[in-house]
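Novice: So that you have it, the file is structure.txt, and it contains compact mmCIF, C-alpha atoms:
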# COMPACT_ATOMS: atom_id res chain seq x y z
CA MET A 110 -13.82 -6.27 7.21
CA VAL A 111 -10.12 -5.93 8.04
CA VAL A 112 -9.04 -6.00 11.70
CA TYR A 113 -5.66 -4.84 13.05
CA ILE A 114 -4.45 -6.34 16.35
CA SER A 115 -1.48 -4.58 17.86
CA THR A 116 -1.81 -4.96 21.66
CA GLN A 117 1.38 -6.71 22.69
CA GLY A 118 0.82 -9.84 24.75
CA ALA A 119 -2.75 -10.26 23.51
CA LYS A 120 -4.22 -13.64 22.59
CA ILE A 121 -6.90 -14.53 20.06
CA VAL A 122 -9.18 -17.24 21.42
CA ARG A 123 -12.36 -18.87 20.20
CA GLU A 124 -15.62 -18.59 22.11
CA GLY A 125 -18.50 -20.31 20.35
CA ARG A 126 -18.80 -18.85 16.85
CA HIS A 127 -16.84 -15.75 17.74
CA LEU A 128 -13.24 -14.82 18.36
CA LEU A 129 -12.10 -12.83 21.37
CA VAL A 130 -8.97 -10.71 21.63
CA LYS A 131 -7.89 -11.01 25.26
CA LYS A 132 -5.03 -9.95 27.46
CA GLY A 133 -5.09 -11.55 30.85
CA GLU A 134 -8.68 -11.49 32.03
CA ASP A 135 -9.59 -8.46 29.93
CA THR A 136 -11.40 -8.77 26.59
CA TYR A 137 -10.37 -6.08 24.10
CA HIS A 138 -12.47 -7.05 21.08
CA THR A 139 -15.12 -9.49 19.93
CA LEU A 140 -14.66 -10.54 16.31
CA PHE A 141 -17.47 -12.01 14.25
CA THR A 142 -15.83 -14.41 11.84
CA TYR A 143 -18.53 -14.14 9.19
CA LYS A 144 -17.67 -10.43 8.82
CA LEU A 145 -13.89 -10.85 8.60
CA ARG A 146 -11.84 -10.85 5.40
CA GLN A 147 -8.39 -10.23 6.89
CA ILE A 148 -6.66 -10.05 10.28
CA VAL A 149 -3.39 -8.08 10.47
CA ILE A 150 -1.26 -8.95 13.51
CA PHE A 151 1.61 -6.83 14.83
CA GLY A 152 4.31 -8.33 17.00
CA ASN A 153 3.65 -10.48 20.06
CA VAL A 154 0.07 -11.66 19.57
CA GLU A 155 -0.83 -15.33 20.06
CA ILE A 156 -3.55 -17.38 18.34
CA THR A 157 -4.90 -20.51 20.01
CA HIS A 158 -5.34 -23.69 17.99
CA ARG A 159 -9.15 -23.54 18.19
CA ALA A 160 -9.15 -19.91 17.07
CA LEU A 161 -6.78 -20.67 14.20
CA ALA A 162 -9.00 -23.55 13.06
CA GLN A 163 -12.01 -21.21 13.08
CA ILE A 164 -10.10 -18.61 11.07
CA MET A 165 -8.99 -21.15 8.48
CA ARG A 166 -12.47 -22.69 8.27
CA HIS A 167 -13.86 -19.29 7.29
CA GLU A 168 -10.94 -18.69 4.86
CA ILE A 169 -9.81 -15.51 6.60
CA ASP A 170 -6.44 -14.14 5.51
CA ILE A 171 -3.97 -13.61 8.42
CA VAL A 172 -1.02 -11.26 7.91
CA PHE A 173 1.91 -11.24 10.36
CA LEU A 174 4.01 -8.09 10.79
CA THR A 175 6.65 -7.18 13.31
CA GLN A 176 5.61 -4.73 16.01
CA GLY A 177 7.24 -2.02 13.91
CA GLY A 178 5.36 -2.96 10.74
CA ARG A 179 7.77 -5.12 8.71
CA TYR A 180 6.07 -7.87 6.75
CA LEU A 181 6.82 -11.40 8.03
CA GLY A 182 4.36 -13.70 6.30
CA ARG A 183 0.76 -14.84 6.19
CA ILE A 184 -1.64 -17.74 6.56
CA ALA A 185 -4.00 -17.57 3.64
CA SER A 186 -7.14 -19.34 2.55
CA PRO A 187 -6.79 -22.16 0.00
CA GLU A 188 -5.42 -21.15 -3.37
CA SER A 189 -7.80 -20.65 -6.24
CA ARG A 190 -8.61 -23.95 -7.95
CA ASN A 191 -8.70 -22.32 -11.37
CA VAL A 192 -5.55 -23.95 -12.77
CA PHE A 193 -6.46 -22.81 -16.28
CA LEU A 194 -6.36 -19.16 -15.22
CA HIS A 195 -3.00 -19.69 -13.51
CA LYS A 196 -1.66 -21.50 -16.56
CA ARG A 197 -2.74 -18.56 -18.69
CA GLN A 198 -0.94 -16.13 -16.36
CA TYR A 199 2.33 -18.02 -16.64
CA SER A 200 2.07 -18.60 -20.38
CA LEU A 201 1.71 -14.84 -20.95
CA LEU A 202 5.07 -14.27 -19.27
CA ASP A 203 6.64 -15.56 -22.48
CA ASP A 204 4.53 -13.27 -24.66
CA LYS A 205 6.82 -10.26 -25.17
CA GLU A 206 4.17 -8.14 -26.86
CA PHE A 207 1.65 -8.68 -24.06
CA THR A 208 4.32 -8.16 -21.39
CA VAL A 209 5.50 -4.84 -22.80
CA LYS A 210 1.96 -3.63 -23.45
CA THR A 211 0.83 -4.42 -19.90
CA ALA A 212 3.94 -3.05 -18.21
CA ARG A 213 3.62 0.13 -20.29
CA VAL A 214 0.09 0.96 -19.08
CA ILE A 215 1.04 0.20 -15.47
CA VAL A 216 3.99 2.61 -15.64
CA ALA A 217 1.91 5.20 -17.50
CA GLY A 218 -0.78 5.04 -14.83
CA LYS A 219 1.71 5.47 -12.02
CA MET A 220 3.49 8.35 -13.75
CA SER A 221 0.21 10.08 -14.55
CA ASN A 222 -0.90 9.88 -10.91
CA MET A 223 2.44 11.19 -9.66
CA ALA A 224 2.28 14.15 -12.05
CA THR A 225 -1.32 14.91 -11.10
CA LEU A 226 -0.52 14.88 -7.39
CA LEU A 227 2.43 17.21 -7.94
CA MET A 228 0.20 19.62 -9.87
CA ARG A 229 -2.25 19.64 -6.97
CA ILE A 230 0.63 20.44 -4.63
CA ARG A 231 1.65 23.31 -6.90
CA ARG A 232 -1.87 24.76 -6.88
CA SER A 233 -2.61 24.26 -3.19
CA ARG A 234 0.81 25.10 -1.76
CA GLY A 235 2.08 27.53 -4.41
CA ALA A 236 5.13 25.29 -4.85
CA GLU A 237 6.65 25.96 -8.26
CA ILE A 238 9.08 23.08 -7.91
CA ALA A 239 6.13 20.68 -7.85
CA GLY A 240 4.85 22.13 -11.13
CA ARG A 241 8.26 21.85 -12.77
CA LYS A 242 8.75 18.26 -11.67
CA ALA A 243 5.22 17.35 -12.78
CA ARG A 244 6.05 18.67 -16.26
CA ASP A 245 9.32 16.71 -16.23
CA ILE A 246 7.36 13.53 -15.56
CA GLN A 247 4.86 14.39 -18.27
CA ASP A 248 7.76 14.93 -20.69
CA LEU A 249 8.82 11.32 -20.08
CA MET A 250 5.40 9.93 -20.98
CA PRO A 251 5.88 9.93 -24.81
CA PHE A 252 8.98 7.76 -24.41
CA LEU A 253 6.84 4.96 -22.96
CA GLU A 254 5.17 4.42 -26.32
CA LYS A 255 8.56 4.05 -28.00
CA ALA A 256 9.89 1.56 -25.45
CA ASP A 257 10.03 -1.95 -26.90
CA ASN A 258 11.20 -3.84 -23.80
CA VAL A 259 10.37 -3.96 -20.10
CA ASP A 260 13.84 -2.91 -18.97
CA SER A 261 13.38 0.44 -20.72
CA LEU A 262 9.98 0.90 -19.08
CA ARG A 263 11.49 0.16 -15.68
CA GLY A 264 14.14 2.77 -16.38
CA TYR A 265 11.55 5.44 -17.18
CA GLU A 266 9.57 4.49 -14.07
CA GLY A 267 12.69 4.80 -11.93
CA ARG A 268 13.53 8.20 -13.40
CA ALA A 269 9.96 9.45 -12.91
CA SER A 270 9.92 8.27 -9.29
CA ALA A 271 13.19 10.05 -8.56
CA ILE A 272 11.81 13.27 -10.06
CA TYR A 273 8.58 12.87 -8.12
CA PHE A 274 10.22 12.54 -4.73
CA GLU A 275 12.41 15.57 -5.40
CA ALA A 276 9.21 17.64 -5.16
CA PHE A 277 7.03 15.53 -2.86
CA GLY A 278 8.29 17.34 0.24
CA ALA A 279 6.78 20.59 -1.07
CA GLY A 280 3.34 19.19 -0.28
CA PHE A 281 3.76 19.59 3.48
CA ILE A 282 2.45 22.72 5.18
CA GLU A 283 5.25 22.63 7.75
CA LYS A 284 8.78 21.82 6.63
CA GLN A 285 9.69 18.17 7.15
CA SER A 286 13.11 16.55 7.09
CA PHE A 287 12.18 14.61 3.96
CA THR A 288 14.58 15.12 1.03
CA ARG A 289 14.45 11.80 -0.83
CA ARG A 290 12.95 8.34 -0.62
CA VAL A 291 14.89 6.17 1.88
CA ARG A 292 13.55 2.65 2.35
CA ARG A 293 15.81 0.49 4.49
CA PRO A 294 15.91 1.85 7.06
CA PRO A 295 13.72 4.96 6.76
CA THR A 296 15.62 7.69 8.57
CA ASP A 297 12.95 10.39 8.84
CA PRO A 298 9.24 10.47 9.76
CA VAL A 299 7.90 10.87 6.22
CA ASN A 300 9.81 7.87 4.91
CA SER A 301 8.64 5.79 7.86
CA ILE A 302 5.01 6.59 7.09
CA LEU A 303 5.39 6.01 3.36
CA SER A 304 6.91 2.57 3.92
CA LEU A 305 4.30 1.61 6.50
CA LEU A 306 1.42 2.65 4.25
CA TYR A 307 2.95 0.81 1.28
CA THR A 308 3.01 -2.32 3.44
CA PHE A 309 -0.67 -1.88 4.34
CA LEU A 310 -1.48 -1.27 0.69
CA MET A 311 0.39 -4.38 -0.41
CA ASN A 312 -1.67 -6.50 1.97
CA ARG A 313 -4.94 -5.13 0.58
CA VAL A 314 -3.85 -5.64 -3.03
CA TYR A 315 -2.71 -9.18 -2.23
CA ALA A 316 -6.11 -9.98 -0.75
CA ALA A 317 -7.80 -8.51 -3.83
CA THR A 318 -5.78 -10.72 -6.18
CA ARG A 319 -6.89 -13.73 -4.16
CA VAL A 320 -10.52 -12.61 -4.38
CA ALA A 321 -10.10 -12.47 -8.17
CA GLY A 322 -8.67 -16.00 -8.19
CA LEU A 323 -5.30 -14.81 -9.53
CA ASP A 324 -1.89 -16.20 -8.71
CA PRO A 325 -0.06 -13.32 -6.95
CA TYR A 326 3.42 -14.28 -8.19
CA PRO A 327 3.59 -13.79 -12.01
CA GLY A 328 3.77 -10.09 -12.88
CA PHE A 329 4.91 -8.19 -15.95
CA LEU A 330 6.50 -4.96 -14.71
CA HIS A 331 8.19 -6.44 -11.64
CA SER A 332 10.41 -9.34 -12.60
CA ILE A 333 9.48 -12.74 -11.26
CA ASP A 334 11.64 -14.12 -8.48
CA TYR A 335 11.43 -16.73 -5.75
CA GLY A 336 8.81 -15.64 -3.21
CA ARG A 337 8.14 -12.27 -4.84
CA TYR A 338 4.50 -11.21 -5.27
CA SER A 339 5.24 -9.60 -8.62
CA LEU A 340 1.59 -9.27 -9.65
CA VAL A 341 0.70 -7.63 -6.33
CA LEU A 342 3.54 -5.14 -6.75
CA ASP A 343 2.39 -4.43 -10.33
CA LEU A 344 -1.17 -3.67 -9.25
CA MET A 345 0.03 -1.53 -6.33
CA GLU A 346 1.73 1.01 -8.55
CA GLU A 347 -1.35 3.00 -9.57
CA PHE A 348 -2.50 3.23 -5.94
CA ARG A 349 0.73 4.46 -4.35
CA ALA A 350 0.12 8.16 -5.09
CA ILE A 351 -3.68 7.87 -4.86
CA ILE A 352 -3.80 6.24 -1.42
CA ALA A 353 -0.46 6.11 0.41
CA ASP A 354 1.17 9.35 -0.72
CA THR A 355 -1.91 11.55 -0.36
CA LEU A 356 -2.59 10.01 3.04
CA THR A 357 0.98 10.73 4.14
CA LEU A 358 0.48 14.40 3.27
CA SER A 359 -2.82 14.45 5.14
CA LEU A 360 -1.40 12.85 8.28
CA PHE A 361 1.19 15.59 8.65
CA ASN A 362 -0.76 18.54 7.27
CA LEU A 363 -3.79 17.84 9.47
CA LYS A 364 -1.41 17.35 12.43
CA ILE A 365 -2.58 13.82 13.07
CA LEU A 366 1.14 13.09 13.27
CA GLN A 367 3.67 15.47 14.75
CA LYS A 368 7.36 15.45 15.52
CA ASP A 369 6.85 14.05 19.03
CA ASP A 370 5.14 10.95 17.60
CA PHE A 371 8.47 9.62 16.29
CA TYR A 372 11.72 8.46 17.83
CA GLU A 373 15.09 7.19 16.66
CA GLU A 374 15.73 3.57 17.47
CA LYS A 375 19.31 3.35 18.68
CA PRO A 376 20.93 -0.04 19.38
CA ASP A 377 20.68 0.31 23.16
CA GLU A 378 17.04 1.40 23.15
CA GLN A 379 14.18 -1.00 23.81
CA ASN A 380 10.89 -1.04 21.90
CA GLU A 381 7.84 0.11 23.80
CA ASP A 382 5.68 -2.77 24.99
CA THR A 383 2.12 -1.90 24.22
CA ILE A 384 -0.07 0.00 21.80
CA GLU A 385 -2.89 1.66 23.70
CA THR A 386 -6.16 3.03 22.42
CA ALA A 387 -6.00 5.77 19.80
CA ARG A 388 -7.55 9.21 19.90
CA GLU A 389 -11.25 8.68 19.44
CA ASN A 390 -11.80 11.88 17.49
CA ALA A 391 -8.99 11.74 14.96
CA ALA A 392 -9.13 14.23 12.10
CA ASP A 393 -10.95 13.00 9.01
CA VAL A 394 -8.19 12.41 6.44
CA SER A 395 -10.75 11.88 3.68
CA LYS A 396 -11.57 15.62 3.85
CA ASP A 397 -8.14 16.68 2.58
CA PRO A 398 -8.80 17.86 -1.02
CA ILE A 399 -5.31 16.83 -2.17
CA GLY A 400 -6.38 13.23 -1.63
CA TRP A 401 -9.68 13.39 -3.54
CA ILE A 402 -9.52 11.34 -6.67
CA SER A 403 -11.62 13.80 -8.67
CA GLY A 404 -9.53 16.78 -7.64
CA ASN A 405 -12.72 18.85 -7.55
CA GLU A 406 -13.72 20.35 -4.22
CA ALA A 407 -17.20 21.04 -5.50
CA ASP A 408 -17.74 17.33 -6.01
CA SER A 409 -17.38 16.61 -2.89
CA VAL A 410 9.99 1.03 13.17
CA VAL A 411 11.46 -0.16 10.05
CA PHE A 412 8.72 -0.27 7.53
CA ASP A 413 8.97 -1.69 4.05
CA ILE A 414 7.34 -4.13 1.73
CA PRO A 415 9.45 -7.10 0.72
CA GLU A 416 11.05 -7.57 -2.68
CA GLN A 417 9.73 -4.37 -4.26
CA ARG A 418 12.51 -3.86 -6.83
CA MET A 419 11.32 -4.15 -10.43
CA ASP A 420 14.45 -5.76 -11.84
CA GLU A 421 16.17 -8.97 -10.86
CA THR A 422 19.12 -7.39 -9.09
CA GLN A 423 18.88 -6.62 -5.40
CA ALA A 424 20.57 -3.40 -4.33
CA ALA A 425 22.10 -3.35 -0.89
CA PRO A 426 20.60 -0.82 1.55
CA ARG A 427 22.37 2.51 1.26
CA ALA A 428 24.39 3.38 4.34
CA THR A 429 23.16 6.68 5.71
CA GLY A 430 24.84 6.81 9.08
CA LYS A 431 21.46 7.51 10.64
CA TYR A 432 19.29 5.43 12.94
CA PRO A 433 15.85 4.13 11.90
CA VAL A 434 12.96 6.43 12.73
CA LYS A 435 9.89 4.75 14.19
CA LEU A 436 6.42 5.68 15.35
CA LYS A 437 5.42 5.70 18.98
CA PRO A 438 2.65 3.20 19.83
CA ASP A 439 -0.33 5.56 20.08
CA ALA A 440 0.62 7.27 16.82
CA PHE A 441 0.98 3.89 15.14
CA LYS A 442 -2.64 3.11 15.93
CA ARG A 443 -3.69 6.50 14.55
CA VAL A 444 -2.05 5.67 11.23
CA ILE A 445 -3.90 2.35 11.07
CA GLU A 446 -7.24 4.07 11.67
CA ALA A 447 -6.45 6.80 9.12
CA PHE A 448 -5.55 4.20 6.49
CA GLU A 449 -8.83 2.35 6.99
CA LYS A 450 -10.75 5.65 6.88
CA LYS A 451 -8.96 6.58 3.67
CA LEU A 452 -10.10 3.33 2.05
CA THR A 453 -13.74 4.20 2.74
CA THR A 454 -13.48 7.44 0.69
CA GLU A 455 -15.84 7.26 -2.28
CA PHE A 456 -15.46 8.49 -5.85
CA TYR A 457 -17.22 7.93 -9.15
CA TYR A 458 -15.26 5.54 -11.32
CA PRO A 459 -16.43 5.55 -14.97
CA PRO A 460 -15.19 2.05 -15.94
CA ALA A 461 -17.35 0.56 -13.20
CA GLU A 462 -20.17 3.05 -13.94
CA ARG A 463 -20.80 3.53 -10.24
CA THR A 464 -19.42 5.03 -7.07
CA LEU A 465 -16.61 3.05 -5.46
CA THR A 466 -14.56 3.34 -2.31
CA TYR A 467 -10.82 3.05 -2.64
CA ALA A 468 -11.12 -0.40 -1.05
CA ASP A 469 -13.71 -1.38 -3.68
CA ALA A 470 -11.49 -0.01 -6.45
CA ILE A 471 -8.58 -2.24 -5.42
CA ILE A 472 -10.83 -5.29 -5.71
CA TYR A 473 -12.39 -4.04 -8.94
CA GLN A 474 -8.98 -3.52 -10.54
CA SER A 475 -7.91 -7.08 -9.73
CA GLY A 476 -11.07 -8.34 -11.39
CA HIS A 477 -10.41 -6.07 -14.36
CA TYR A 478 -6.88 -7.45 -14.61
CA ARG A 479 -8.24 -10.99 -14.64
CA LYS A 480 -10.44 -10.12 -17.62
CA VAL A 481 -7.34 -8.91 -19.45
CA ILE A 482 -5.53 -12.18 -18.67
CA GLU A 483 -8.51 -14.21 -19.89
CA GLY A 484 -8.81 -12.14 -23.07
CA GLU A 485 -12.21 -10.62 -22.27
CA THR A 486 -10.67 -7.13 -22.20
CA GLU A 487 -7.87 -6.05 -24.51
CA LEU A 488 -5.93 -3.64 -22.30
CA TYR A 489 -5.58 -3.02 -18.57
CA GLN A 490 -6.68 0.47 -17.48
CA PRO A 491 -5.24 1.82 -14.19
CA VAL A 492 -7.21 4.04 -11.81
CA LEU A 493 -6.20 7.63 -12.46
CA LEU A 494 -6.34 10.81 -10.43
CA LYS A 495 -8.18 13.54 -12.31
How does this structure look as structure tokens?

Specialist:
Amino acid sequence: MVVYISTQGAKIVREGRHLLVKKGEDTYHTLFTYKLRQIVIFGNVEITHRALAQIMRHEIDIVFLTQGGRYLGRIASPESRNVFLHKRQYSLLDDKEFTVKTARVIVAGKMSNMATLLMRIRRSRGAEIAGRKARDIQDLMPFLEKADNVDSLRGYEGRASAIYFEAFGAGFIEKQSFTRRVRRPPTDPVNSILSLLYTFLMNRVYAATRVAGLDPYPGFLHSIDYGRYSLVLDLMEEFRAIIADTLTLSLFNLKILQKDDFYEEKPDEQNEDTIETARENAADVSKDPIGWISGNEADSVVFDIPEQRMDETQAAPRATGKYPVKLKPDAFKRVIEAFEKKLTTEFYYPPAERTLTYADAIIYQSGHYRKVIEGETELYQPVLLK
């Protein structure tokens, strides 16, 4: 169970075997520690010493974000004791053949999912540009097999992503101000939501790598660097289109988010203090057919993740002359609830030979990746939209 705490000025305290989220004399939530896997905290939320000791005793992951959603850090359970697995991870970094082979399938999975989503947009919205860009991405796929180094693979991934976002805006029923991917700061509502959801996704993938006993730092597509969760960023790639991008389309197309839910943060403006309760009857984002993994209806703030560049160079944020666009507090809570609802969507996943939720799939893929590292499985297989 993952819990998000965003009420500014709240305090997490221990009462017996439970945790209480309080503000003043009011109790907002009762948390049962034996059910918790992760607590995500936004902004000004305190944790008492006794509560923190209880959280650490139960090895519950705590993620700290700013009130607007920027990642700050975490308190995690003890690292996996499997030093032999970690040694194997690091030793494979020097294996060029393994590195290229693994990076290739990660890029291929991401590109395949982007192309599939664009084709769905073409069919459902009648957007020919989406079909053209999907074919452009597919035309790049054969070059992956010819690439003999990771830098080339990163180049193809970058080109495919640029093509993808040229057509992504065609997936919205109502015209949005989105024209391209802008990360720091996001200057339109769509980019704000994409970055926020990528942050949420990163946290879930990080937790999954810890469940699998993997070291989150050594990756093969994203270059290793001080403090960079390269493995987490690698394993995120296949899920960006499947989870975050389809959910972004659903949030706007189902009118869960509208223009009035956003504001520009100018230097003289103050952040709003509290995040109140969300709409109890939010639309069910899992019902949007664009986001179904099978693709078959009959089967039925400044947000950003840290250090997400694939190469070693760090590009400076592009000056846009625009102010950051942020979510208002009640809309922010709606996005959190929609993300958690999205993760409960089920689909049949052949490699596991059973029905999985998206949340299960993230954990399953980390376990699958571990088998590749240990040599039990020859090649990593990303989750693919069909």

Novice: Near A:His158, counting all atoms listed in the file, which residues have an atom at most 12 Å away, once you skip same-chain residues fewer than 6 positions from it, shown as a VMD selection string?

Specialist: chain A and resid 120 to 123 128 164 to 165

Novice: Quick one: everything within 6 Å of A:Arg146, counting all atoms listed in the file, minus sequence neighbours fewer than 3 positions away in the same chain. Send it as a VMD selection string.

Specialist: chain A and resid 110 to 111 169

Novice: I'd like the interatomic distance between atom CA of A:Ile365 and atom CA of A:Ala440, to a tenth of an Å.

Specialist: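 Computing it gives 8.2 Å between the two atoms.
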
Novice: Considering only C-alpha atoms, state which residue in the set A:Tyr307, A:Phe441, A:Phe141, A:Phe281 is at the smallest distance from A:Glu346.

Specialist: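 Looking at the shortest contact to A:Glu346, the residue is A:Tyr307.
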
Novice: Using all atoms listed in the file and a cutoff of 12 Å, can you tell me which residues are near (-5.4, -2.2, 17.2) in the file's coordinates, and write them out as a PyMOL selection string?

Specialist: chain A and resi 111-117+119+130+137-138+148-152+154+176+383-388+438-446+449

Novice: Within 12 Å of stretch 254-256 of chain A, counting all atoms listed in the file, which residues qualify if same-chain residues fewer than 3 places away don't, as a list in words?

Specialist: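 Final neighbour list, sorted by chain and number: Glu206, Thr208, Val209, Lys210, Thr211, Ala212, Arg213, Val214, Val216, Ala217, Leu249, Met250, Pro251, Val259, Asp260, Ser261, Leu262, Arg263, Gly264, Tyr265 and Glu266 of chain A.
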
Novice: Tell me, as a list in words, which residues lie within 12 Å of A:Arg290, counting only C-alpha atoms; anything in the same chain fewer than 4 positions away does not count.

Specialist: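 Surrounding residues, per the criterion: Gly267, Ser270, Ala271, Ile272, Tyr273, Phe274, Glu275, Ala276, Phe277, Gly278, Ser286, Pro294, Pro295, Thr296, Asp297, Pro298, Val299, Asn300, Ser301, Ile302, Leu303, Ser304, Asp354, Asp413 and Arg427 of chain A.
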
Novice: Neighbouring residues of stretch 224-238 of chain A were defined as those with any atom within 7 Å, considering only C-alpha atoms; residues of the same chain fewer than 4 positions away were excluded. Please report them as JSON, numbers by chain.

Specialist: {"A": [220, 242, 243, 246, 247, 276, 279, 280, 399, 494]}

Novice: Out of A:Thr466, A:Arg479, A:Pro459, A:Gly182, which residue has the shortest atom-to-atom distance to A:Tyr338 when counting all atoms listed in the file?

Specialist: A:Gly182

Novice: Each side padded by 4 Å, which centre and which edge lengths in Å (one decimal) define the axis-aligned box around the listed atoms of stretch 461-471 of chain A? Give them as lines of an AutoDock Vina configuration file.

Specialist:
center_x = -14.7
center_y = 1.4
center_z = -7.5
size_x = 20.2
size_y = 15.3
size_z = 20.9

Novice: I'd like to know which of A:Gly336, A:Pro460, A:Pro491, A:Gly476 is closest to A:Val320, using only C-alpha atoms.

Specialist: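 When distances to A:Val320 are compared using only C-alpha atoms, the smallest one comes from A:Gly476.
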
Novice: Will you model N, CA and C atoms for stretch 297-315 of chain A and pass it back as an mmCIF file, in the coordinates of the input?

Specialist:
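That gives us selection-v1.cif:
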data_model
loop_
_atom_site.group_PDB
_atom_site.id
_atom_site.type_symbol
_atom_site.label_atom_id
_atom_site.label_comp_id
_atom_site.auth_asym_id
_atom_site.auth_seq_id
_atom_site.Cartn_x
_atom_site.Cartn_y
_atom_site.Cartn_z
ATOM 1 N N ASP A 297 13.697 9.182 8.495
ATOM 2 C CA ASP A 297 12.950 10.390 8.840
ATOM 3 C C ASP A 297 11.474 10.006 8.926
ATOM 4 N N PRO A 298 10.647 10.826 9.567
ATOM 5 C CA PRO A 298 9.240 10.470 9.760
ATOM 6 C C PRO A 298 8.462 10.229 8.481
ATOM 7 N N VAL A 299 8.670 11.029 7.459
ATOM 8 C CA VAL A 299 7.900 10.870 6.220
ATOM 9 C C VAL A 299 8.197 9.533 5.569
ATOM 10 N N ASN A 300 9.469 9.158 5.495
ATOM 11 C CA ASN A 300 9.810 7.870 4.910
ATOM 12 C C ASN A 300 9.258 6.709 5.718
ATOM 13 N N SER A 301 9.222 6.842 7.023
ATOM 14 C CA SER A 301 8.640 5.790 7.860
ATOM 15 C C SER A 301 7.165 5.580 7.530
ATOM 16 N N ILE A 302 6.440 6.693 7.379
ATOM 17 C CA ILE A 302 5.010 6.590 7.090
ATOM 18 C C ILE A 302 4.777 6.058 5.691
ATOM 19 N N LEU A 303 5.545 6.518 4.716
ATOM 20 C CA LEU A 303 5.390 6.010 3.360
ATOM 21 C C LEU A 303 5.585 4.502 3.321
ATOM 22 N N SER A 304 6.634 4.005 3.950
ATOM 23 C CA SER A 304 6.910 2.570 3.920
ATOM 24 C C SER A 304 5.833 1.776 4.647
ATOM 25 N N LEU A 305 5.357 2.301 5.764
ATOM 26 C CA LEU A 305 4.300 1.610 6.500
ATOM 27 C C LEU A 305 3.026 1.530 5.665
ATOM 28 N N LEU A 306 2.649 2.634 5.047
ATOM 29 C CA LEU A 306 1.420 2.650 4.250
ATOM 30 C C LEU A 306 1.562 1.774 3.002
ATOM 31 N N TYR A 307 2.745 1.716 2.415
ATOM 32 C CA TYR A 307 2.950 0.810 1.280
ATOM 33 C C TYR A 307 2.783 -0.644 1.715
ATOM 34 N N THR A 308 3.208 -0.965 2.931
ATOM 35 C CA THR A 308 3.010 -2.320 3.440
ATOM 36 C C THR A 308 1.526 -2.627 3.602
ATOM 37 N N PHE A 309 0.780 -1.700 4.197
ATOM 38 C CA PHE A 309 -0.670 -1.880 4.340
ATOM 39 C C PHE A 309 -1.319 -2.052 2.966
ATOM 40 N N LEU A 310 -0.913 -1.208 2.030
ATOM 41 C CA LEU A 310 -1.480 -1.270 0.690
ATOM 42 C C LEU A 310 -1.182 -2.603 0.026
ATOM 43 N N MET A 311 0.037 -3.093 0.181
ATOM 44 C CA MET A 311 0.390 -4.380 -0.410
ATOM 45 C C MET A 311 -0.522 -5.491 0.107
ATOM 46 N N ASN A 312 -0.802 -5.474 1.394
ATOM 47 C CA ASN A 312 -1.670 -6.500 1.970
ATOM 48 C C ASN A 312 -3.072 -6.456 1.371
ATOM 49 N N ARG A 313 -3.596 -5.249 1.153
ATOM 50 C CA ARG A 313 -4.940 -5.130 0.580
ATOM 51 C C ARG A 313 -4.952 -5.569 -0.883
ATOM 52 N N VAL A 314 -3.905 -5.224 -1.625
ATOM 53 C CA VAL A 314 -3.850 -5.640 -3.030
ATOM 54 C C VAL A 314 -3.678 -7.153 -3.121
ATOM 55 N N TYR A 315 -2.863 -7.715 -2.246
ATOM 56 C CA TYR A 315 -2.710 -9.180 -2.230
ATOM 57 C C TYR A 315 -4.055 -9.852 -2.018
#
